[in-house]
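Student: Contents are compact mmCIF, C-alpha atoms and all ligand atoms; file name upload_36.txt:
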# COMPACT_ATOMS: atom_id res chain seq x y z
CA MET A 12 10.26 0.90 25.68
CA SER A 13 11.54 1.28 22.20
CA GLU A 14 13.92 4.11 21.64
CA LEU A 15 12.04 7.27 20.79
CA LEU A 16 12.74 8.28 17.25
CA SER A 17 13.11 11.76 15.95
CA SER A 18 10.23 13.66 14.47
CA LYS A 19 12.58 15.70 12.28
CA PRO A 20 11.89 15.48 8.57
CA SER A 21 13.24 12.30 7.05
CA LEU A 22 15.69 12.40 4.18
CA LEU A 23 13.86 9.34 2.84
CA GLY A 24 10.88 11.55 2.06
CA LEU A 25 12.66 14.18 -0.04
CA THR A 26 12.98 14.14 -3.81
CA LEU A 27 16.33 15.00 -5.38
CA GLU A 28 14.84 18.32 -6.45
CA GLN A 29 13.75 19.13 -2.90
CA LEU A 30 17.11 18.17 -1.44
CA THR A 31 18.92 20.22 -4.08
CA ALA A 32 16.85 23.22 -3.03
CA VAL A 33 17.81 22.60 0.61
CA PHE A 34 21.51 22.61 -0.32
CA GLN A 35 21.13 25.74 -2.38
CA GLU A 36 19.56 27.45 0.55
CA MET A 37 22.50 26.29 2.71
CA GLY A 38 24.92 27.75 0.16
CA GLU A 39 26.23 24.31 -0.77
CA PRO A 40 26.80 23.15 -4.35
CA GLY A 41 23.95 21.25 -6.01
CA PHE A 42 25.93 18.05 -6.59
CA ARG A 43 25.93 17.45 -2.83
CA ALA A 44 22.30 16.37 -3.07
CA LYS A 45 23.26 13.50 -5.38
CA GLN A 46 26.05 12.48 -3.05
CA VAL A 47 23.68 12.40 -0.10
CA MET A 48 21.05 10.39 -2.01
CA GLU A 49 23.76 7.87 -2.81
CA TRP A 50 24.43 7.38 0.92
CA VAL A 51 20.76 7.29 1.74
CA PHE A 52 19.46 4.93 -0.95
CA LYS A 53 22.44 3.03 -2.37
CA ARG A 54 24.55 2.58 0.74
CA ARG A 55 21.59 2.80 3.10
CA VAL A 56 23.64 4.37 5.87
CA LEU A 57 22.02 4.84 9.25
CA GLY A 58 24.04 7.85 10.40
CA PHE A 59 25.18 11.15 8.92
CA ASP A 60 28.73 10.52 10.22
CA GLN A 61 29.02 7.70 7.69
CA MET A 62 28.70 10.16 4.79
CA THR A 63 32.46 10.42 4.52
CA ASN A 64 32.67 12.53 1.37
CA LEU A 65 30.95 15.43 3.13
CA GLY A 66 32.76 17.75 5.51
CA ALA A 67 32.16 17.39 9.23
CA ALA A 68 30.41 20.77 9.46
CA LEU A 69 27.94 19.87 6.73
CA ARG A 70 27.26 16.47 8.28
CA ALA A 71 26.49 18.18 11.57
CA LYS A 72 24.18 20.65 9.87
CA LEU A 73 22.29 17.85 8.15
CA ALA A 74 22.00 15.87 11.37
CA GLU A 75 20.52 18.91 13.06
CA ARG A 76 17.76 19.29 10.48
CA PHE A 77 17.03 15.78 9.27
CA THR A 78 16.79 12.19 10.30
CA LEU A 79 17.43 8.92 8.45
CA ARG A 80 15.01 6.64 10.28
CA THR A 81 11.70 7.59 11.86
CA MET A 82 10.28 4.25 12.86
CA THR A 83 11.33 1.26 14.91
CA TYR A 84 10.74 -2.25 13.90
CA SER A 85 8.63 -4.04 16.42
CA THR A 86 7.55 -7.55 15.45
CA VAL A 87 7.24 -9.86 12.51
CA THR A 88 4.52 -12.44 12.14
CA GLY A 89 4.91 -15.35 9.79
CA SER A 90 8.02 -17.21 8.74
CA GLU A 91 10.91 -17.11 6.29
CA ASP A 92 9.12 -18.72 3.37
CA THR A 93 5.60 -17.45 3.85
CA THR A 94 3.89 -14.10 4.02
CA ARG A 95 5.44 -11.97 6.72
CA LYS A 96 3.71 -9.09 8.44
CA TYR A 97 6.00 -6.44 9.86
CA LEU A 98 4.81 -4.08 12.53
CA PHE A 99 6.56 -0.71 12.81
CA LYS A 100 6.24 1.85 15.54
CA LEU A 101 6.17 5.42 14.27
CA HIS A 102 7.84 8.34 16.03
CA ASP A 103 4.53 9.42 17.57
CA GLY A 104 3.82 6.00 19.04
CA ARG A 105 1.40 4.92 16.31
CA TYR A 106 1.77 1.63 14.50
CA VAL A 107 1.80 0.69 10.88
CA GLU A 108 1.89 -2.71 9.19
CA THR A 109 3.72 -3.78 6.06
CA VAL A 110 3.31 -7.20 4.48
CA LEU A 111 5.97 -9.08 2.52
CA ILE A 112 4.56 -11.60 0.07
CA PRO A 113 6.96 -14.00 -1.59
CA ALA A 114 5.96 -15.35 -4.98
CA ASN A 115 3.10 -13.14 -6.08
CA PRO A 116 1.15 -14.90 -8.81
CA ALA A 117 2.02 -12.30 -11.46
CA LEU A 118 -1.17 -10.42 -10.76
CA TYR A 119 0.35 -7.01 -10.62
CA GLY A 120 2.88 -7.19 -13.38
CA GLY A 121 5.66 -9.04 -11.62
CA ALA A 122 7.08 -12.46 -12.26
CA SER A 123 5.95 -15.15 -9.87
CA ASP A 124 9.31 -15.66 -8.20
CA ARG A 125 9.44 -12.04 -7.15
CA LEU A 126 9.01 -10.38 -3.79
CA THR A 127 5.99 -8.16 -3.36
CA LEU A 128 5.56 -5.67 -0.57
CA CYS A 129 2.16 -4.45 0.52
CA VAL A 130 2.60 -0.99 2.04
CA SER A 131 0.34 1.17 4.17
CA SER A 132 -0.46 4.76 3.27
CA GLN A 133 -2.29 5.94 6.39
CA VAL A 134 -2.64 5.10 10.07
CA GLY A 135 -6.17 3.78 10.13
CA CYS A 136 -8.65 4.66 7.42
CA ALA A 137 -11.62 7.00 7.18
CA TYR A 138 -13.48 5.15 4.43
CA ASP A 139 -15.33 2.77 6.69
CA CYS A 140 -15.79 -0.14 4.27
CA LYS A 141 -18.03 -2.49 6.20
CA PHE A 142 -15.99 -5.63 5.57
CA CYS A 143 -12.52 -4.25 6.27
CA ALA A 144 -10.51 -4.37 9.50
CA SER A 145 -8.40 -1.32 8.74
CA GLY A 146 -11.18 1.17 9.30
CA LEU A 147 -12.52 -0.34 12.51
CA ALA A 148 -10.70 2.10 14.75
CA GLY A 149 -11.18 5.04 12.40
CA PHE A 150 -8.64 7.35 10.86
CA THR A 151 -5.63 8.68 12.73
CA ARG A 152 -3.37 10.38 10.22
CA ASN A 153 -1.69 10.29 6.86
CA LEU A 154 1.74 8.74 6.56
CA THR A 155 4.43 11.08 5.31
CA ALA A 156 6.25 10.31 2.06
CA GLY A 157 9.26 9.40 4.21
CA GLU A 158 7.26 6.90 6.27
CA ILE A 159 5.97 5.25 3.12
CA VAL A 160 9.44 4.97 1.59
CA GLU A 161 10.89 3.82 4.90
CA GLN A 162 8.61 0.77 4.95
CA ILE A 163 10.37 -0.52 1.84
CA VAL A 164 13.86 0.44 3.00
CA GLN A 165 13.37 -1.19 6.42
CA VAL A 166 11.84 -4.39 5.09
CA GLU A 167 14.62 -4.74 2.51
CA ALA A 168 17.15 -4.54 5.33
CA LEU A 169 15.23 -6.95 7.57
CA ALA A 170 14.55 -9.47 4.83
CA ARG A 171 18.04 -8.98 3.32
CA ASP A 172 16.46 -8.92 -0.10
CA ARG A 173 15.23 -6.46 -2.72
CA ILE A 174 11.55 -5.79 -3.29
CA ASP A 175 10.42 -6.22 -6.90
CA ASN A 176 6.76 -5.24 -6.70
CA LEU A 177 4.92 -2.77 -4.53
CA VAL A 178 1.22 -2.67 -3.88
CA PHE A 179 -0.46 0.15 -1.98
CA MET A 180 -2.89 -2.28 -0.44
CA GLY A 181 -1.98 -2.05 3.20
CA MET A 182 -3.77 0.11 5.69
CA GLY A 183 -5.34 3.32 4.45
CA GLU A 184 -6.73 4.89 1.30
CA PRO A 185 -3.75 5.98 -0.83
CA MET A 186 -5.90 8.31 -2.92
CA ALA A 187 -6.82 10.21 0.24
CA ASN A 188 -3.13 10.87 0.85
CA TYR A 189 -2.41 11.74 -2.76
CA THR A 190 0.52 14.13 -2.45
CA ASN A 191 2.54 12.01 -0.02
CA VAL A 192 1.81 8.80 -1.90
CA THR A 193 2.82 10.21 -5.29
CA THR A 194 5.94 11.81 -3.81
CA ALA A 195 6.84 8.44 -2.29
CA ILE A 196 6.26 6.76 -5.67
CA GLU A 197 8.60 9.26 -7.31
CA ILE A 198 11.33 8.50 -4.74
CA LEU A 199 10.74 4.73 -4.95
CA ASN A 200 10.95 4.82 -8.72
CA ALA A 201 13.86 7.22 -9.21
CA PRO A 202 17.29 5.95 -10.27
CA TRP A 203 18.78 8.05 -7.45
CA GLY A 204 16.20 6.53 -5.08
CA VAL A 205 15.04 2.97 -4.56
CA GLY A 206 14.79 2.17 -8.28
CA ILE A 207 11.60 0.12 -8.49
CA GLY A 208 9.97 0.25 -11.94
CA ALA A 209 6.72 2.24 -12.03
CA ARG A 210 4.95 -0.66 -13.73
CA HIS A 211 5.83 -2.73 -10.68
CA MET A 212 3.82 -0.47 -8.40
CA THR A 213 0.06 -0.76 -8.00
CA LEU A 214 -2.09 1.81 -6.33
CA SER A 215 -5.34 0.43 -5.00
CA THR A 216 -8.31 2.67 -4.30
CA SER A 217 -11.82 2.33 -2.99
CA GLY A 218 -12.83 4.72 -5.78
CA VAL A 219 -11.92 8.34 -5.04
CA ALA A 220 -12.94 9.49 -8.53
CA PRO A 221 -11.36 13.00 -8.65
CA ASN A 222 -7.96 11.62 -7.66
CA ILE A 223 -8.19 8.82 -10.21
CA ARG A 224 -8.49 11.59 -12.80
CA LYS A 225 -5.54 13.36 -11.24
CA LEU A 226 -3.45 10.19 -11.30
CA ALA A 227 -4.30 9.71 -14.97
CA ASP A 228 -2.01 12.70 -15.60
CA PHE A 229 0.73 11.52 -13.26
CA PRO A 230 3.84 10.97 -15.38
CA LEU A 231 4.90 7.61 -13.92
CA GLN A 232 3.16 4.56 -15.36
CA VAL A 233 1.96 3.03 -12.10
CA ARG A 234 -0.84 0.51 -12.21
CA LEU A 235 -4.29 1.11 -10.86
CA ALA A 236 -6.53 -1.31 -9.02
CA ILE A 237 -10.07 -0.50 -7.98
CA SER A 238 -11.69 -2.11 -4.97
CA LEU A 239 -15.10 -2.57 -6.54
CA HIS A 240 -16.89 -5.23 -4.48
CA GLY A 241 -20.26 -4.43 -5.95
CA ALA A 242 -21.42 -4.03 -9.56
CA THR A 243 -24.51 -1.94 -8.84
CA ASP A 244 -24.89 1.14 -6.62
CA GLU A 245 -27.47 -0.68 -4.56
CA VAL A 246 -25.10 -3.47 -3.55
CA ARG A 247 -21.95 -1.38 -3.41
CA GLU A 248 -23.26 1.41 -1.22
CA LYS A 249 -24.34 -1.07 1.42
CA ILE A 250 -20.77 -2.09 2.05
CA MET A 251 -18.77 0.92 0.83
CA PRO A 252 -19.93 4.35 2.06
CA VAL A 253 -17.57 5.96 -0.47
CA ASN A 254 -20.06 4.92 -3.13
CA ARG A 255 -22.49 7.55 -1.90
CA LYS A 256 -19.95 10.25 -2.53
CA TYR A 257 -18.68 8.81 -5.81
CA PRO A 258 -21.38 6.55 -7.27
CA LEU A 259 -20.52 4.04 -9.97
CA ALA A 260 -21.43 6.37 -12.85
CA GLU A 261 -18.92 8.92 -11.62
CA LEU A 262 -16.30 6.30 -10.80
CA PHE A 263 -16.59 4.74 -14.24
CA ASP A 264 -16.34 8.13 -15.94
CA ALA A 265 -13.03 8.61 -14.18
CA LEU A 266 -11.94 5.08 -15.14
CA ALA A 267 -12.83 5.71 -18.77
CA GLU A 268 -10.63 8.78 -18.66
CA TRP A 269 -7.83 6.72 -17.13
CA HIS A 270 -8.21 4.08 -19.81
CA ARG A 271 -8.24 6.67 -22.59
CA LYS A 272 -5.17 8.50 -21.34
CA ARG A 273 -3.04 5.62 -20.11
CA LYS A 274 -3.84 2.72 -22.44
CA GLN A 275 -3.16 0.59 -19.42
CA HIS A 276 -5.06 -2.33 -18.08
CA LEU A 277 -7.01 -1.83 -14.90
CA THR A 278 -7.66 -4.37 -12.22
CA PHE A 279 -10.94 -4.69 -10.37
CA GLU A 280 -10.69 -6.28 -6.99
CA TYR A 281 -13.89 -7.98 -6.00
CA ILE A 282 -14.23 -9.62 -2.62
CA LEU A 283 -16.81 -12.37 -2.63
CA ILE A 284 -18.99 -12.08 0.46
CA GLU A 285 -21.73 -14.61 0.99
CA SER A 286 -25.25 -13.33 0.27
CA VAL A 287 -24.00 -9.77 -0.03
CA ASN A 288 -22.37 -9.41 -3.44
CA ASP A 289 -21.85 -12.97 -4.70
CA GLY A 290 -25.05 -13.28 -6.74
CA LEU A 291 -24.62 -14.16 -10.39
CA ASP A 292 -26.65 -11.06 -11.34
CA GLN A 293 -23.76 -9.02 -9.92
CA ALA A 294 -21.30 -11.10 -11.94
CA ARG A 295 -23.21 -10.32 -15.15
CA VAL A 296 -23.24 -6.56 -14.50
CA LEU A 297 -19.58 -6.71 -13.47
CA ALA A 298 -18.71 -8.38 -16.78
CA LYS A 299 -20.48 -5.60 -18.69
CA ARG A 300 -18.58 -2.97 -16.76
CA ALA A 301 -15.18 -4.63 -17.08
CA LYS A 302 -15.31 -5.42 -20.77
CA PRO A 303 -15.09 -1.96 -22.40
CA LEU A 304 -12.23 -1.03 -20.08
CA GLN A 305 -10.44 -4.33 -20.74
CA ALA A 306 -10.20 -4.58 -17.00
CA LYS A 307 -9.11 -7.73 -15.31
CA VAL A 308 -11.14 -8.95 -12.36
CA ASN A 309 -9.42 -10.31 -9.33
CA LEU A 310 -11.87 -12.26 -7.23
CA ILE A 311 -10.95 -12.54 -3.56
CA PRO A 312 -12.85 -14.90 -1.30
CA TYR A 313 -13.56 -12.82 1.80
CA ASN A 314 -11.03 -13.08 4.63
CA THR A 315 -12.86 -13.21 7.90
CA VAL A 316 -12.32 -10.35 10.31
CA GLU A 317 -12.99 -10.92 13.99
CA GLY A 318 -15.97 -8.87 15.10
CA LEU A 319 -17.45 -8.63 11.60
CA PRO A 320 -20.31 -10.87 10.48
CA TRP A 321 -19.27 -11.52 6.88
CA LYS A 322 -18.41 -14.93 5.45
CA ARG A 323 -16.87 -16.25 2.28
CA PRO A 324 -19.20 -18.05 -0.13
CA SER A 325 -18.85 -21.76 -0.88
CA GLU A 326 -16.22 -22.72 -3.43
CA ALA A 327 -19.00 -23.75 -5.80
CA GLN A 328 -20.45 -20.23 -5.63
CA GLN A 329 -16.99 -18.68 -6.11
CA ASP A 330 -16.45 -20.85 -9.19
CA ALA A 331 -19.89 -20.02 -10.60
CA PHE A 332 -19.23 -16.30 -10.18
CA GLN A 333 -15.89 -16.61 -11.96
CA ALA A 334 -17.45 -18.69 -14.74
CA VAL A 335 -19.93 -15.91 -15.60
CA LEU A 336 -17.02 -13.52 -16.09
CA LEU A 337 -14.93 -15.97 -18.09
CA ASN A 338 -17.86 -16.85 -20.33
CA ALA A 339 -18.36 -13.17 -21.04
CA GLY A 340 -14.75 -12.97 -22.19
CA VAL A 341 -13.43 -11.14 -19.11
CA THR A 342 -10.12 -12.15 -17.56
CA ALA A 343 -10.94 -13.19 -14.03
CA THR A 344 -8.73 -14.83 -11.46
CA LEU A 345 -9.71 -16.30 -8.16
CA ARG A 346 -6.99 -15.18 -5.80
CA ARG A 347 -5.36 -17.68 -3.54
CA GLU A 348 -4.83 -15.51 -0.51
CA LYS A 349 -1.56 -15.50 1.32
CA GLY A 350 -1.17 -14.48 4.91
CA HIS A 351 -4.74 -15.29 5.82
CA ASP A 352 -3.61 -17.24 8.90
CA ILE A 353 -1.52 -14.42 10.28
CA ALA A 354 -4.13 -11.72 9.71
CA ALA A 355 -1.89 -10.17 7.09
CA ALA A 356 -4.19 -10.68 4.15
CA CYS A 357 -6.09 -7.88 2.49
CA GLY A 358 -8.44 -6.10 4.80
CA GLN A 359 -7.06 -7.77 7.86
CA LEU A 360 -4.59 -5.05 8.74
CA ARG A 361 -5.73 -2.99 11.63
CA LEU A 362 -4.44 -0.64 14.26
CA LYS A 363 -2.82 -2.00 17.33
CA GLN A 364 -4.04 -0.73 20.63
CA GLU A 365 -1.53 0.21 23.19
CA THR A 366 -2.27 -0.49 26.84
CA GLU A 367 -0.16 -0.64 29.96
CA GLU A 368 0.44 -4.31 29.24
CA GLY A 369 1.83 -3.56 25.82
CA ILE A 370 0.45 -4.09 22.36
CA ILE A 371 -2.77 -5.96 21.99
CA ASP A 372 -3.46 -7.46 18.65
CA SER A 373 -7.10 -8.35 18.77
CA MET A 374 -6.64 -10.96 16.08
CA ILE A 375 -4.27 -13.46 17.60
CA PRO A 376 -2.33 -14.93 14.72
CA ALA A 377 -1.88 -18.64 14.22
CA LYS A 378 1.86 -18.40 14.59
CA ARG A 379 3.77 -15.46 15.83
CA ILE A 380 7.49 -15.15 15.91
CA THR A 381 9.03 -12.19 17.57
CA ILE A 382 12.39 -10.95 16.53
CA GLY A 383 14.21 -8.13 18.24
CA GLY A 384 12.37 -5.74 20.50
CA GLY A 385 9.37 -7.91 21.17
CA GLY A 386 6.83 -5.21 20.87
CA ASP A 387 7.11 -2.36 23.23
N1 LIG B 401 -8.16 1.65 0.52
C1 LIG B 401 -7.56 1.03 -0.63
C2 LIG B 401 -6.31 0.28 -0.25
C3 LIG B 401 -6.54 -0.91 0.67
S1 LIG B 401 -6.34 -2.29 -0.33
C4 LIG B 401 -8.58 0.18 -1.32
O1 LIG B 401 -9.68 0.09 -0.83
O2 LIG B 401 -8.30 -0.34 -2.40
C5 LIG B 401 -6.94 -3.57 0.56
C6 LIG B 401 -7.77 -4.48 -0.31
O3 LIG B 401 -8.30 -5.50 0.51
C7 LIG B 401 -8.96 -3.77 -0.90
O4 LIG B 401 -9.29 -4.28 -2.16
C8 LIG B 401 -10.01 -4.12 0.11
O5 LIG B 401 -11.27 -3.91 -0.39
C9 LIG B 401 -9.69 -5.55 0.38
N2 LIG B 401 -10.27 -6.09 1.60
C10 LIG B 401 -10.69 -5.40 2.67
N3 LIG B 401 -11.16 -6.22 3.61
C11 LIG B 401 -11.03 -7.48 3.12
C12 LIG B 401 -11.34 -8.75 3.63
N4 LIG B 401 -11.82 -8.91 4.84
N5 LIG B 401 -11.08 -9.81 2.84
C13 LIG B 401 -10.54 -9.67 1.63
N6 LIG B 401 -10.20 -8.48 1.10
C14 LIG B 401 -10.46 -7.39 1.84
In structure tokens, how does this file's structure come out?
Ligand code: SAH
Tutor:
Amino acid sequence: MSELLSSKPSLLGLTLEQLTAVFQEMGEPGFRAKQVMEWVFKRRVLGFDQMTNLGAALRAKLAERFTLRTMTYSTVTGSEDTTRKYLFKLHDGRYVETVLIPANPALYGGASDRLTLCVSSQVGCAYDCKFCASGLAGFTRNLTAGEIVEQIVQVEALARDRIDNLVFMGMGEPMANYTNVTTAIEILNAPWGVGIGARHMTLSTSGVAPNIRKLADFPLQVRLAISLHGATDEVREKIMPVNRKYPLAELFDALAEWHRKRKQHLTFEYILIESVNDGLDQARVLAKRAKPLQAKVNLIPYNTVEGLPWKRPSEAQQDAFQAVLLNAGVTATLRREKGHDIAAACGQLRLKQETEEGIIDSMIPAKRITIGGGGD
């Protein structure tokens, strides 16, 4: 069994302002908060006793109320120079996956030699997109801001490297966990925190229109990606139930507001699924929708998910779809997926089931290396 971790609030999930308020309430001077953040995020200490510029009594008080790590690292799939999928066990026994992608092809604002981390925002997902593995077992719970931040901090320690780009494209719908996700972004961005530039963070959403509007007023200049996957309501609502709640007209109203307020380029993610949404009629409508927003389209040949019937179209069809967009003057890339073979690619992240025998991953990866605990 892995060591049971504390369910106390994590210091990794507090903003400087929140921690300052905690110290005030304890009758401690405000500058202590900065000192503690330094230990937490710059020195990355694992114990309160290492915070040597604080008195022993204060260290004990902090240890009583807070924790520094809430999840244990369980396995990694992949290898040193390819996409690596990390599995973490949360304090309540749930699992969450985080994917490290070396050399991202500059799609989300980073240089190509940079490290990108794909983080999860929820355990499971309630959105039930028909093509996606993450929602297969339904929704369990939101991740806390601390659990989101801890994914980055833990992977940086495990990979012995710094993360340059973050994408909220792991398990879950980040817009359905808005407060925790934006708090995590603040901590990840802050100079007293992890220090990742806001423009190096991309939030991906299935189209929760009201929260897109809300994010348009969020002060940090994070990027926005929309999982579109259908250019008409008719096609989109077949595969994305969210489209019934927020149809395309409403979604695009929110996107227009985003575009007006942020003057930032949007990305549309569009999975190509054979005979579902890969018709050239969809490509033509998609081009019309993308153009006024100056949105870039990222075409993703569907990654197969065990138990789901969908297939990727032929390369000829993929190319033809892209050509329609390019001819209409829309920037469109055909993404070369990484991590496909280890079930770490988009939409392949799913909950692990725990049984008496241990963890069962229903998608057995091509190569699995286990470091450390070996699962449970
Ligand atoms: N819920 C958010 C964040 C998840 S991002 C969102 O929908 O954007 C994961 C991305 O992978 C989304 O664009 C999703 O639509 C896509 N995806 C899901 N299943 C996939 C699959 N089987 N193959 C390729 N991409 C997939």
Student: Nearest residue to A:Phe77 out of A:Val166, A:Ala267, A:Val51, A:Val246, using only C-alpha atoms?
Tutor: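 Closest residue, counting only C-alpha atoms: A:Val51.
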Student: Could you list, as number ranges by chain, all residues that come within 6 Å of ligand LIG 401 (chain B)? Count all atoms listed in the file.
Tutor: A: 142-143, 180-184, 215-217, 237-238, 280, 282, 311, 313-316, 357-359
Student: Contacts of A:Gln133 at 6 Å or less, counting only C-alpha atoms, minus same-chain residues fewer than 4 places along, as a compact mmCIF listing (two decimals) with C-alpha atoms, keeping the file's coordinate frame?
Tutor:
# COMPACT_ATOMS: atom_id res chain seq x y z
CA ARG A 152 -3.37 10.38 10.22
CA ASN A 153 -1.69 10.29 6.86
CA LEU A 154 1.74 8.74 6.56
CA GLY A 183 -5.34 3.32 4.45
Student: Smallest atom-to-atom distance to A:Asp292: which of A:Thr243, A:Ala339, A:Val253, A:Leu30, using only C-alpha atoms?
Tutor: A:Thr243
Student: Return as AutoDock Vina command-line options the box centre and box size in Å, one decimal, for an axis-aligned box around all listed atoms of stretch 78-90 of chain A padded by 3 Å per side.
Tutor:
--center_x 11.0 --center_y -2.5 --center_z 12.4 --size_x 18.9 --size_y 35.4 --size_z 14.0
Student: I want to know what sits within 12 Å of A:Leu79, based on only C-alpha atoms, with residues of the same chain fewer than 4 positions away left out; could you give that as a PDB file with C-alpha atoms, keeping the file's coordinate frame?
Tutor:
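Output file out05.pdb follows:
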ATOM      1  CA  LEU A  16      12.740   8.280  17.250  1.00  0.00           C
ATOM      2  CA  SER A  17      13.110  11.760  15.950  1.00  0.00           C
ATOM      3  CA  SER A  18      10.230  13.660  14.470  1.00  0.00           C
ATOM      4  CA  LYS A  19      12.580  15.700  12.280  1.00  0.00           C
ATOM      5  CA  PRO A  20      11.890  15.480   8.570  1.00  0.00           C
ATOM      6  CA  SER A  21      13.240  12.300   7.050  1.00  0.00           C
ATOM      7  CA  LEU A  22      15.690  12.400   4.180  1.00  0.00           C
ATOM      8  CA  LEU A  23      13.860   9.340   2.840  1.00  0.00           C
ATOM      9  CA  GLY A  24      10.880  11.550   2.060  1.00  0.00           C
ATOM     10  CA  LEU A  25      12.660  14.180  -0.040  1.00  0.00           C
ATOM     11  CA  VAL A  47      23.680  12.400  -0.100  1.00  0.00           C
ATOM     12  CA  MET A  48      21.050  10.390  -2.010  1.00  0.00           C
ATOM     13  CA  TRP A  50      24.430   7.380   0.920  1.00  0.00           C
ATOM     14  CA  VAL A  51      20.760   7.290   1.740  1.00  0.00           C
ATOM     15  CA  PHE A  52      19.460   4.930  -0.950  1.00  0.00           C
ATOM     16  CA  ARG A  55      21.590   2.800   3.100  1.00  0.00           C
ATOM     17  CA  VAL A  56      23.640   4.370   5.870  1.00  0.00           C
ATOM     18  CA  LEU A  57      22.020   4.840   9.250  1.00  0.00           C
ATOM     19  CA  GLY A  58      24.040   7.850  10.400  1.00  0.00           C
ATOM     20  CA  PHE A  59      25.180  11.150   8.920  1.00  0.00           C
ATOM     21  CA  ASP A  60      28.730  10.520  10.220  1.00  0.00           C
ATOM     22  CA  GLN A  61      29.020   7.700   7.690  1.00  0.00           C
ATOM     23  CA  MET A  62      28.700  10.160   4.790  1.00  0.00           C
ATOM     24  CA  LEU A  73      22.290  17.850   8.150  1.00  0.00           C
ATOM     25  CA  ALA A  74      22.000  15.870  11.370  1.00  0.00           C
ATOM     26  CA  GLU A  75      20.520  18.910  13.060  1.00  0.00           C
ATOM     27  CA  THR A  83      11.330   1.260  14.910  1.00  0.00           C
ATOM     28  CA  GLY A 157       9.260   9.400   4.210  1.00  0.00           C
ATOM     29  CA  GLU A 158       7.260   6.900   6.270  1.00  0.00           C
ATOM     30  CA  VAL A 160       9.440   4.970   1.590  1.00  0.00           C
ATOM     31  CA  GLU A 161      10.890   3.820   4.900  1.00  0.00           C
ATOM     32  CA  VAL A 164      13.860   0.440   3.000  1.00  0.00           C
ATOM     33  CA  GLN A 165      13.370  -1.190   6.420  1.00  0.00           C
TER      34      GLN A 165
END
Student: Restricting the calculation to all atoms listed in the file: of A:Asn222, A:Thr213, A:Thr193, A:Ser85, which residue gets closest to A:Lys100?
Tutor: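 Of A:Asn222, A:Thr213, A:Thr193, A:Ser85, the one nearest A:Lys100, counting all atoms listed in the file, is A:Ser85.
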Student: Could you tell me which of A:Arg346, A:Pro202, A:Val33, A:Gln232 comes closest to A:Lys72 if we count only C-alpha atoms?
Tutor: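 Of A:Arg346, A:Pro202, A:Val33, A:Gln232, the one nearest A:Lys72 is A:Val33, counting only C-alpha atoms.
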Student: Grab the atom CA of A:Phe150 to atom CA of A:Ile198 distance for me, in Å with one decimal place.
Tutor: 25.4 Å
Student: Measure the distance from atom CA of A:Val178 to atom CA of A:Thr194 in Å and round it to one decimal.
Tutor: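 One can read the atom CA of A:Val178 to atom CA of A:Thr194 distance as 15.2 Å.
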Student: What does the distance from atom CA of A:Pro312 to atom CA of A:Ala137 come to in Å, to one decimal?
Tutor: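 Atom CA of A:Ala137 lies 23.5 Å from atom CA of A:Pro312.
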Student: Taking 4 positions as the minimum chain separation for residues in the same chain, which residues sit within 12 Å of A:Arg247 when counting all atoms listed in the file? Answer as a PyMOL selection string.
Tutor: chain A and resi 140-142+217-218+238-243+251-259+281-282+284+287-289+293+297
Student: Using all atoms listed in the file - which residues lie no farther than 10 Å from the point (0.5, -2.4, 2.9) in the file's frame? Write them as a ChimeraX atom specification.
Tutor: /A:96-97,107-111,128-133,159,162,177-183,355-358,360
Student: Please provide the set of residues having any atom within 9 Å of A:Leu266, restricted to all atoms listed in the file, with same-chain residues fewer than 6 positions apart removed, written as a list in words.
Tutor: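 Skipping anything fewer than 6 positions along the chain leaves Ala220, Ile223, Arg224, Ala227, Leu277 and Leu304 of chain A.
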Student: Which of these, A:Leu235, A:Pro221, A:Leu98, A:Arg54, has the shortest distance to A:Glu261 once you count all atoms listed in the file?
Tutor: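 Nearest to A:Glu261: A:Pro221.
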Student: Measuring between all atoms listed in the file, which one of A:Phe42, A:Asp244, A:Ala32, A:Lys53 shows the shortest distance to A:Trp203?
Tutor: A:Lys53
